[in-house]
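Trainee: One file: upload24.cif (mmCIF, C-alpha atoms).
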```
data_work
loop_
_atom_site.label_atom_id
_atom_site.label_comp_id
_atom_site.auth_asym_id
_atom_site.auth_seq_id
_atom_site.Cartn_x
_atom_site.Cartn_y
_atom_site.Cartn_z
CA MET A 1 108.21 54.21 50.44
CA ALA A 2 104.70 53.02 51.30
CA ASN A 3 101.70 55.29 51.60
CA ILE A 4 98.65 55.10 53.84
CA ASP A 5 95.29 56.67 53.02
CA VAL A 6 94.20 59.81 54.86
CA VAL A 7 90.44 60.06 55.38
CA ASN A 8 88.03 62.52 56.93
CA LEU A 9 85.69 61.74 59.81
CA GLY A 10 83.13 60.60 57.27
CA GLY A 11 85.42 57.84 56.04
CA LYS A 12 86.13 59.38 52.62
CA LYS A 13 89.68 59.46 51.29
CA VAL A 14 91.12 62.97 51.10
CA GLY A 15 94.80 62.24 50.57
CA GLU A 16 97.77 60.02 51.37
CA PHE A 17 100.50 59.98 54.00
CA GLU A 18 104.01 58.81 53.17
CA LEU A 19 105.47 56.26 55.60
CA LEU A 20 109.26 56.26 55.81
CA ASP A 21 110.77 52.84 55.13
CA GLU A 22 113.60 53.48 57.58
CA VAL A 23 111.04 53.89 60.37
CA PHE A 24 108.28 51.37 59.67
CA ALA A 25 109.66 48.90 57.12
CA GLY A 26 111.74 46.89 59.60
CA GLU A 27 110.74 43.63 61.24
CA ILE A 28 108.35 43.72 64.18
CA ASN A 29 110.38 43.07 67.33
CA ASP A 30 108.12 40.98 69.56
CA GLY A 31 110.76 40.74 72.30
CA LEU A 32 111.10 44.50 72.50
CA LEU A 33 107.33 44.90 72.64
CA TRP A 34 107.18 42.45 75.54
CA GLU A 35 109.90 44.37 77.40
CA SER A 36 108.10 47.69 76.96
CA VAL A 37 104.80 46.26 78.21
CA LYS A 38 106.52 44.67 81.20
CA HIS A 39 108.15 48.01 82.06
CA TYR A 40 104.85 49.90 81.72
CA ARG A 41 102.90 47.45 83.88
CA ALA A 42 105.64 47.40 86.52
CA ALA A 43 105.27 51.16 86.94
CA LEU A 44 101.52 50.70 87.49
CA ARG A 45 101.99 48.39 90.48
CA GLN A 46 101.10 50.05 93.78
CA GLY A 47 103.64 48.18 95.87
CA THR A 48 101.67 48.78 99.08
CA ALA A 49 101.95 45.25 100.55
CA SER A 50 103.36 45.43 104.07
CA THR A 51 103.93 43.03 106.97
CA LYS A 52 104.77 43.65 110.62
CA THR A 53 108.15 42.74 112.05
CA ARG A 54 108.67 41.72 115.67
CA GLY A 55 109.13 45.37 116.54
CA LEU A 56 105.69 46.28 115.21
CA VAL A 57 103.41 43.53 116.53
CA SER A 58 101.68 43.93 119.89
CA GLY A 59 102.94 42.08 122.95
CA ALA A 60 104.94 42.56 126.14
CA GLY A 61 108.67 42.95 125.92
CA ARG A 62 109.43 41.10 129.15
CA LYS A 63 111.26 37.78 129.19
CA LEU A 64 108.68 35.01 129.72
CA TRP A 65 110.88 32.73 131.82
CA LYS A 66 114.46 32.57 132.89
CA GLN A 67 117.15 31.54 130.47
CA LYS A 68 118.21 28.32 132.15
CA GLY A 69 116.86 25.69 134.50
CA THR A 70 113.28 25.30 133.28
CA GLY A 71 113.91 22.55 130.72
CA ARG A 72 112.21 24.58 128.05
CA ALA A 73 113.70 26.24 125.02
CA ARG A 74 115.12 29.71 125.41
CA ILE A 75 112.74 32.50 124.50
CA ALA A 76 113.41 36.21 124.53
CA SER A 77 110.02 37.70 123.61
CA ILE A 78 106.43 36.75 122.88
CA ARG A 79 106.79 38.74 119.67
CA SER A 80 109.30 36.24 118.27
CA PRO A 81 108.62 35.08 114.69
CA LEU A 82 108.60 31.52 116.01
CA TRP A 83 105.46 32.17 118.00
CA ARG A 84 101.83 32.52 116.93
CA SER A 85 100.96 36.21 116.36
CA GLY A 86 104.65 37.01 116.32
CA GLY A 87 106.45 39.18 113.80
CA THR A 88 107.05 38.27 110.15
CA VAL A 89 110.56 37.66 108.86
CA HIS A 90 111.59 38.98 105.42
CA GLY A 91 108.00 39.97 104.59
CA PRO A 92 107.08 42.54 101.93
CA LYS A 93 107.36 46.25 102.64
CA PRO A 94 106.06 49.21 100.59
CA ARG A 95 108.27 49.67 97.53
CA SER A 96 108.28 50.92 93.97
CA TYR A 97 108.46 48.36 91.16
CA GLU A 98 109.39 50.99 88.58
CA TYR A 99 112.75 50.70 86.85
CA SER A 100 114.55 52.60 84.14
CA PHE A 101 114.03 51.70 80.49
CA PRO A 102 116.30 53.05 77.72
CA GLN A 103 114.57 55.61 75.53
CA LYS A 104 115.99 54.06 72.38
CA LYS A 105 114.42 50.70 73.24
CA LEU A 106 111.11 52.41 73.99
CA MET A 107 111.14 54.15 70.61
CA GLY A 108 112.02 50.86 68.92
CA ALA A 109 109.05 49.18 70.60
CA LEU A 110 106.81 52.06 69.52
CA ARG A 111 107.95 51.64 65.92
CA SER A 112 107.13 47.93 66.07
CA ALA A 113 103.72 48.58 67.65
CA ILE A 114 102.73 51.07 64.93
CA ALA A 115 104.08 48.81 62.18
CA ALA A 116 102.03 45.91 63.57
CA LYS A 117 98.86 48.01 63.55
CA ILE A 118 99.50 49.06 59.95
CA ALA A 119 100.19 45.46 58.88
CA ASP A 120 96.95 44.28 60.51
CA GLY A 121 94.94 47.08 58.92
CA LYS A 122 94.03 48.41 62.35
CA LEU A 123 95.47 51.91 61.98
CA THR A 124 93.56 54.79 60.43
CA VAL A 125 94.84 58.27 59.64
CA VAL A 126 92.32 61.12 59.63
CA GLU A 127 92.85 64.60 58.26
CA SER A 128 91.55 66.19 61.48
CA PHE A 129 89.47 65.41 64.56
CA GLN A 130 87.86 68.83 64.48
CA VAL A 131 84.05 69.06 64.79
CA ASP A 132 81.73 72.04 65.21
CA GLU A 133 80.45 71.12 68.67
CA PRO A 134 81.86 69.09 71.57
CA LYS A 135 79.21 66.40 71.19
CA THR A 136 79.85 62.73 71.96
CA LYS A 137 77.35 61.66 69.28
CA PHE A 138 79.47 63.26 66.55
CA TYR A 139 82.55 61.21 67.46
CA ARG A 140 80.46 58.06 67.97
CA ALA A 141 79.08 58.44 64.45
CA ALA A 142 82.58 59.09 63.09
CA LEU A 143 83.99 55.97 64.72
CA ASN A 144 81.18 53.91 63.25
CA LYS A 145 81.90 55.23 59.76
CA LEU A 146 85.62 54.55 60.22
CA GLU A 147 84.74 50.98 61.28
CA ALA A 148 86.72 51.25 64.48
CA GLY A 149 86.65 48.24 66.76
CA LYS A 150 85.08 47.85 70.18
CA THR A 151 88.11 49.57 71.70
CA THR A 152 89.78 52.51 70.00
CA LEU A 153 92.82 54.66 70.71
CA LEU A 154 92.69 58.26 69.47
CA VAL A 155 96.09 59.93 69.01
CA GLU A 156 96.29 63.68 68.51
CA SER A 157 99.18 66.13 68.31
CA SER A 158 99.66 68.27 71.41
CA GLN A 159 99.70 71.40 69.21
CA LYS A 160 96.34 70.48 67.62
CA LEU A 161 94.45 69.19 70.68
CA SER A 162 91.11 70.98 70.89
CA GLU A 163 88.59 71.29 73.68
CA ASN A 164 85.88 69.87 71.40
CA LEU A 165 87.87 66.65 70.91
CA TYR A 166 88.59 66.27 74.62
CA LEU A 167 85.00 66.89 75.72
CA GLY A 168 83.43 64.94 72.88
CA SER A 169 85.50 61.77 73.28
CA ARG A 170 85.90 61.43 77.04
CA ASN A 171 82.56 59.69 77.59
CA LEU A 172 82.88 57.20 74.74
CA ASP A 173 82.96 53.63 76.03
CA GLY A 174 86.15 51.80 75.07
CA VAL A 175 87.80 54.94 73.66
CA GLU A 176 90.90 56.69 75.03
CA LEU A 177 92.52 59.92 73.86
CA VAL A 178 96.30 60.35 74.14
CA LEU A 179 98.84 62.81 72.79
CA SER A 180 101.42 61.80 70.20
CA SER A 181 104.16 62.79 72.66
CA GLU A 182 102.75 60.45 75.33
CA VAL A 183 101.56 57.42 73.36
CA HIS A 184 103.11 54.15 74.58
CA PRO A 185 103.45 50.74 72.87
CA TYR A 186 101.20 49.33 75.61
CA ASP A 187 98.41 51.68 74.49
CA LEU A 188 98.64 50.51 70.88
CA LEU A 189 98.65 46.83 71.86
CA ARG A 190 95.83 47.25 74.36
CA TYR A 191 93.31 48.77 71.96
CA GLU A 192 91.89 46.97 68.95
CA HIS A 193 92.03 49.97 66.62
CA ALA A 194 94.19 53.11 66.53
CA ILE A 195 93.18 56.37 64.85
CA PHE A 196 95.89 59.00 64.34
CA SER A 197 95.43 62.51 63.14
CA LYS A 198 97.71 63.34 60.21
CA ASP A 199 99.62 65.88 62.31
CA ALA A 200 100.09 63.40 65.16
CA LEU A 201 101.49 60.66 62.91
CA GLU A 202 103.76 63.13 61.13
CA THR A 203 105.14 64.44 64.43
CA LEU A 204 105.61 60.92 65.78
CA GLN A 205 107.33 59.74 62.60
CA GLU A 206 109.86 62.56 62.81
CA THR A 207 110.56 61.68 66.45
CA LEU A 208 111.01 57.96 65.69
CA LYS A 209 113.29 58.79 62.76
CA LYS A 210 115.83 60.27 65.18
CA PHE A 211 116.12 56.96 67.04
CA VAL A 212 116.64 54.68 64.04
CA SER A 213 120.06 53.08 64.38
CA LYS A 214 122.69 53.49 61.68
CA ARG A 215 122.78 49.71 61.28
CA SER A 216 119.06 49.67 60.45
CA LYS A 217 119.45 52.51 57.96
CA HIS A 218 122.32 50.66 56.26
CA ALA A 219 120.25 47.47 56.07
CA GLN A 220 117.36 49.37 54.50
CA LYS A 221 119.67 50.80 51.81
CA GLU A 222 121.02 47.32 50.98
CA VAL A 223 117.49 45.92 50.65
CA ALA A 224 116.50 48.82 48.39
#
```
Re-express the file's structure as structure tokens.
Mentor:
Amino acid sequence: MANIDVVNLGGKKVGEFELLDEVFAGEINDGLLWESVKHYRAALRQGTASTKTRGLVSGAGRKLWKQKGTGRARIASIRSPLWRSGGTVHGPKPRSYEYSFPQKKLMGALRSAIAAKIADGKLTVVESFQVDEPKTKFYRAALNKLEAGKTTLLVESSQKLSENLYLGSRNLDGVELVLSSEVHPYDLLRYEHAIFSKDALETLQETLKKFVSKRSKHAQKEVA
């Protein structure tokens, strides 16, 4: 099993965290990552585009001329789609673009996203995010010492989330704070660097372990 260093907010190593091979040692599934991002972005779409049908556009409902005898084409209403300023046929209407996505696939994508961050050296584990005061400058200094990139994702356990962390990080440019129970593969791919608290990564690892397929576990044993 591989280990990853655990550091404090000053960047000094204070311990190690054991990464389970059955969770993070598998291949990175690019296809699954693409599916999870597509699903996430689809749910973000507003779906507010709307067009007017012939029943919604303005115009008289009377028949413009008689049906036969004029030599002109038959016409029932000035609101016909064939006419200028008439209704639209088969145009978009408000709708939701969200669709269901299997939880097992989502967890698989999350495993791949975390494994990719670890492989690229873009994931840091800190002992704790706790500081004495809810000051933005404290977290800005900590991120500089941890050599975080221009954009950083902070992941904390819901049981350990403190008011100081929330208040101190919310005004940092390019930084977002999420809970370990809500982190999505899209979040990890979107931000250049990810910083997990030790408790958050431990909780997330136990959750991901439950969704590892028996086939993957068997393959890991054969490799070992």
Trainee: Residues within 12 Å of Arg84 of chain A, please, as a list in words. Count all atoms listed in the file; anything in the same chain fewer than 4 positions from it doesn't count.
Mentor: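 Final neighbour list, sorted by chain and number: Arg54, Val57, Ser58, Gly59, Ser77, Ile78, Arg79, Ser80 and Thr88 of chain A.
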Trainee: Would you output that residue set with C-alpha atoms, as a PDB file, keeping the file's coordinate frame?
Mentor:
```
ATOM      1  CA  ARG A  54     108.670  41.720 115.670  1.00  0.00           C
ATOM      2  CA  VAL A  57     103.410  43.530 116.530  1.00  0.00           C
ATOM      3  CA  SER A  58     101.680  43.930 119.890  1.00  0.00           C
ATOM      4  CA  GLY A  59     102.940  42.080 122.950  1.00  0.00           C
ATOM      5  CA  SER A  77     110.020  37.700 123.610  1.00  0.00           C
ATOM      6  CA  ILE A  78     106.430  36.750 122.880  1.00  0.00           C
ATOM      7  CA  ARG A  79     106.790  38.740 119.670  1.00  0.00           C
ATOM      8  CA  SER A  80     109.300  36.240 118.270  1.00  0.00           C
ATOM      9  CA  THR A  88     107.050  38.270 110.150  1.00  0.00           C
TER      10      THR A  88
END
```
Trainee: As an exercise, work out the distance from atom CA of Gly87 of chain A to atom CA of Trp65 of chain A in Å and give it to one decimal place.
Mentor: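 If I compute the distance from atom CA of Gly87 of chain A to atom CA of Trp65 of chain A, I get 19.6 Å.
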Trainee: Please measure the separation of atom CA of Leu201 of chain A and atom CA of Leu19 of chain A, giving the value in Å to one decimal.
Mentor: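 Atom-to-atom, atom CA of Leu201 of chain A and atom CA of Leu19 of chain A are spaced 9.4 Å apart.
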Trainee: I'd like the neighbourhood of segment 104-120 of chain A as a PyMOL selection string, where a residue qualifies if any of its atoms comes within 9 Å (using all atoms listed in the file), though same-chain residues fewer than 2 positions away should be ignored.
Mentor: chain A and resi 4+23-36+101-102+122-124+183-186+188-189+192-194+205+207-208+211-212
Trainee: In Å, how far is it from atom CA of Val37 of chain A to atom CA of Tyr97 of chain A?
Mentor: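 About the pair atom CA of Val37 of chain A and atom CA of Tyr97 of chain A: they are 13.6 Å apart.
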Trainee: Could you work out an axis-aligned box for segment 167-176 of chain A, taking every atom the file lists and adding 8 Å on each side, and report centre and edge lengths in Å to one decimal, as lines of an AutoDock Vina configuration file?
Mentor:
```
center_x = 86.7
center_y = 59.3
center_z = 75.2
size_x = 24.3
size_y = 31.1
size_z = 20.7
```
Trainee: Please evaluate the PyMOL selection byres ((chain A and resi 63) around 10) against the structure above and give the resulting residues as a ChimeraX atom specification.
Mentor: /A:60-62,64-67,74-78
Trainee: Quick one: residues within 12 Å of Glu18 of chain A, all atoms listed in the file, excluding same-chain residues fewer than 3 positions away - as an mmCIF file with C-alpha atoms, in the frame of the given file?
Mentor:
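New file selection22.cif:
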```cif
data_model
loop_
_atom_site.group_PDB
_atom_site.id
_atom_site.type_symbol
_atom_site.label_atom_id
_atom_site.label_comp_id
_atom_site.auth_asym_id
_atom_site.auth_seq_id
_atom_site.Cartn_x
_atom_site.Cartn_y
_atom_site.Cartn_z
ATOM 1 C CA MET A 1 108.210 54.210 50.440
ATOM 2 C CA ALA A 2 104.700 53.020 51.300
ATOM 3 C CA ASN A 3 101.700 55.290 51.600
ATOM 4 C CA ILE A 4 98.650 55.100 53.840
ATOM 5 C CA ASP A 5 95.290 56.670 53.020
ATOM 6 C CA VAL A 6 94.200 59.810 54.860
ATOM 7 C CA GLY A 15 94.800 62.240 50.570
ATOM 8 C CA ASP A 21 110.770 52.840 55.130
ATOM 9 C CA GLU A 22 113.600 53.480 57.580
ATOM 10 C CA VAL A 23 111.040 53.890 60.370
ATOM 11 C CA PHE A 24 108.280 51.370 59.670
ATOM 12 C CA VAL A 125 94.840 58.270 59.640
ATOM 13 C CA LYS A 198 97.710 63.340 60.210
ATOM 14 C CA LEU A 201 101.490 60.660 62.910
ATOM 15 C CA GLU A 202 103.760 63.130 61.130
ATOM 16 C CA GLN A 205 107.330 59.740 62.600
ATOM 17 C CA GLU A 206 109.860 62.560 62.810
#
```
Trainee: For each of A:Ala141, A:Ala200, A:Leu165, A:Val175, take the minimum atom-to-atom distance to Leu153 of chain A, counting all atoms listed in the file, then give the residue where this is smallest.
Mentor: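 Closest residue, counting all atoms listed in the file: A:Val175.
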Trainee: Using the chain letters and residue numbers of this document, give as an MDAnalysis selection string the residues selected by the PyMOL selection byres ((chain A and resi 179-181) around 8).
Mentor: chainID A and resid 155:158 177:178 182:183 200:201 203:204
Trainee: Using all atoms listed in the file, which of A:Gly86, A:Pro94, A:Gly174, A:Gly71 sits nearest Leu143 of chain A?
Mentor: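 Of all the options, A:Gly174 lies closest to Leu143 of chain A.
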Trainee: For this structure, which residues satisfy the selection - the PyMOL selection byres ((chain A and resi 98) around 9) - when it is evaluated on the file as given? I want them as a list in words.
Mentor: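 Residues picked by the PyMOL selection byres ((chain A and resi 98) around 9): His39, Tyr40, Arg41, Ala42, Ala43, Leu44, Arg45, Ser96, Tyr97, Tyr99 and Ser100 of chain A.
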